[in-house]
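**Q** Below are the C-alpha cells for one structure; questions will follow.
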Amino acid sequence: MALLDNDKDVLPLSSIAELLTAKVRTLKMYEEKGLLPLKKEAKKLYSINDVKKISFVHYLASMKKINANGIKYINEILENNMDEKNKTEFLDLVEQKLEKVSGKDITDVEII
C-alpha cells in the first residue's frame, strides 16, 4: 500500500468546492484576491494540504465574516510566526471544528 503524499497537487477547484459545499465562483474569487496558495501551472491543481488552507479561508470568510484584507493578515501571521509543525497542528484543530459544522451551516459568500 502506497503512502499518501499530502503535498501532491491533484485536486481542481471544482472538486474542492464540492468538498466544502461552496461555489466554484467563490473559490475563484478567493484566488483572485490572493487568498489561496499560489499555483503557477495553467491547470491549477491543489494538494490535500492546500485544501486545509482553502477550507480555513472559506471558514474565515463565510462563518467569521472576515474580509479579504483580514484573511491575508491572518495568513501572513500564520506563515511568518508558526513553524510547519505548529501550523499543521493549528489547521488540524480548525479542521476538527469544521467537521462539527455541516455544509448547510456555512453560507456561501459572494463578496468579501
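Just so we're on the same page: first chain in the C-alpha cells is A, next is B, and so on; residues restart at 1 for each chain, and ligands are numbered from 1 in the order they show up.
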List the neighbours of Val94 in chain A out to 10 Å using only C-alpha atoms; skip same-chain residues closer than 6 positions along the sequence, and give me the result as a list of chain:residue names.
**A** A:Lys52, A:Lys53, A:Ser55, A:Phe56, A:Tyr59, A:Thr88
**Q** Can those selected residues be exported to a file as a PDB file, in the first residue's frame so that it contains all heavy atoms?
**A**
```pdb
ATOM      1  N   LYS A  52      -6.753  22.118   3.185  1.00  0.00           N
ATOM      2  CA  LYS A  52      -6.879  22.567   4.578  1.00  0.00           C
ATOM      3  C   LYS A  52      -6.800  24.086   4.654  1.00  0.00           C
ATOM      4  O   LYS A  52      -7.579  24.729   5.362  1.00  0.00           O
ATOM      5  CB  LYS A  52      -5.787  21.945   5.447  1.00  0.00           C
ATOM      6  CG  LYS A  52      -5.964  20.465   5.676  1.00  0.00           C
ATOM      7  CD  LYS A  52      -4.850  19.909   6.529  1.00  0.00           C
ATOM      8  CE  LYS A  52      -5.010  18.419   6.736  1.00  0.00           C
ATOM      9  NZ  LYS A  52      -3.974  17.873   7.597  1.00  0.00           N
ATOM     10  N   LYS A  53      -5.862  24.672   3.909  1.00  0.00           N
ATOM     11  CA  LYS A  53      -5.715  26.129   3.905  1.00  0.00           C
ATOM     12  C   LYS A  53      -6.927  26.800   3.263  1.00  0.00           C
ATOM     13  O   LYS A  53      -7.411  27.819   3.750  1.00  0.00           O
ATOM     14  CB  LYS A  53      -4.429  26.526   3.177  1.00  0.00           C
ATOM     15  CG  LYS A  53      -3.180  26.074   3.904  1.00  0.00           C
ATOM     16  CD  LYS A  53      -1.940  26.336   3.078  1.00  0.00           C
ATOM     17  CE  LYS A  53      -0.714  25.731   3.760  1.00  0.00           C
ATOM     18  NZ  LYS A  53       0.469  25.799   2.923  1.00  0.00           N
ATOM     19  N   SER A  55      -9.972  25.583   3.075  1.00  0.00           N
ATOM     20  CA  SER A  55     -11.129  25.458   3.959  1.00  0.00           C
ATOM     21  C   SER A  55     -11.043  26.462   5.106  1.00  0.00           C
ATOM     22  O   SER A  55     -12.064  27.004   5.542  1.00  0.00           O
ATOM     23  CB  SER A  55     -11.286  24.032   4.488  1.00  0.00           C
ATOM     24  OG  SER A  55     -10.222  23.676   5.331  1.00  0.00           O
ATOM     25  N   PHE A  56      -9.832  26.747   5.567  1.00  0.00           N
ATOM     26  CA  PHE A  56      -9.639  27.759   6.613  1.00  0.00           C
ATOM     27  C   PHE A  56     -10.043  29.133   6.092  1.00  0.00           C
ATOM     28  O   PHE A  56     -10.754  29.882   6.766  1.00  0.00           O
ATOM     29  CB  PHE A  56      -8.178  27.744   7.083  1.00  0.00           C
ATOM     30  CG  PHE A  56      -7.873  28.729   8.174  1.00  0.00           C
ATOM     31  CD1 PHE A  56      -8.570  28.708   9.367  1.00  0.00           C
ATOM     32  CD2 PHE A  56      -6.872  29.672   8.014  1.00  0.00           C
ATOM     33  CE1 PHE A  56      -8.287  29.618  10.384  1.00  0.00           C
ATOM     34  CE2 PHE A  56      -6.576  30.575   9.019  1.00  0.00           C
ATOM     35  CZ  PHE A  56      -7.288  30.547  10.205  1.00  0.00           C
ATOM     36  N   TYR A  59     -13.792  29.229   5.836  1.00  0.00           N
ATOM     37  CA  TYR A  59     -14.352  29.353   7.184  1.00  0.00           C
ATOM     38  C   TYR A  59     -14.273  30.801   7.665  1.00  0.00           C
ATOM     39  O   TYR A  59     -15.259  31.348   8.168  1.00  0.00           O
ATOM     40  CB  TYR A  59     -13.600  28.416   8.132  1.00  0.00           C
ATOM     41  CG  TYR A  59     -13.858  28.675   9.592  1.00  0.00           C
ATOM     42  CD1 TYR A  59     -15.039  28.248  10.194  1.00  0.00           C
ATOM     43  CD2 TYR A  59     -12.919  29.336  10.379  1.00  0.00           C
ATOM     44  CE1 TYR A  59     -15.288  28.480  11.538  1.00  0.00           C
ATOM     45  CE2 TYR A  59     -13.161  29.577  11.720  1.00  0.00           C
ATOM     46  CZ  TYR A  59     -14.345  29.149  12.296  1.00  0.00           C
ATOM     47  OH  TYR A  59     -14.574  29.390  13.625  1.00  0.00           O
ATOM     48  N   THR A  88       0.558  23.058  11.040  1.00  0.00           N
ATOM     49  CA  THR A  88      -0.193  21.841  10.728  1.00  0.00           C
ATOM     50  C   THR A  88      -1.135  21.484  11.876  1.00  0.00           C
ATOM     51  O   THR A  88      -2.298  21.154  11.647  1.00  0.00           O
ATOM     52  CB  THR A  88       0.770  20.674  10.440  1.00  0.00           C
ATOM     53  OG1 THR A  88       1.593  21.041   9.338  1.00  0.00           O
ATOM     54  CG2 THR A  88       0.022  19.393  10.118  1.00  0.00           C
TER      55      THR A  88
END
```
**Q** Which one is closest to Asn49 in chain A: A:Asn81, A:Thr26, A:Ser15, A:Asn6? Count only C-alpha atoms.
**A**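 Using only C-alpha atoms, the shortest distance to Asn49 in chain A belongs to A:Asn6.
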**Q** For range 37-47 of chain A, work out the shell of residues within 7 Å, counting only C-alpha atoms and skipping chain neighbours fewer than 2 positions away, then give it as a compact mmCIF listing (two decimals) with C-alpha atoms, in the first residue's frame.
**A**
```
# COMPACT_ATOMS: atom_id res chain seq x y z
CA ASN A 6 -0.46 15.32 1.02
CA ASP A 7 1.66 17.82 -0.92
CA LYS A 8 0.95 16.40 -4.39
CA ASP A 9 -1.27 18.70 -6.47
CA VAL A 10 -4.20 16.59 -7.67
CA LEU A 11 -7.50 18.40 -6.99
CA PRO A 12 -9.11 21.09 -9.15
CA LEU A 35 -6.14 34.18 -0.54
CA ASN A 49 -2.58 20.38 2.50
CA ASP A 50 -3.82 23.18 0.23
CA VAL A 51 -7.40 22.03 0.83
```
**Q** Would you give me, as number ranges by chain, the residues in chain A that DSSP reads as helix (DSSP H, G or I)?
**A** A: 13-20, 24-32, 48-62, 68-81, 84-99, 103-105
**Q** Just how far from CA of Leu91 in chain A is CA of Leu3 in chain A, in Å to one decimal?
**A**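 Separation of CA of Leu3 in chain A and CA of Leu91 in chain A: 20.9 Å.
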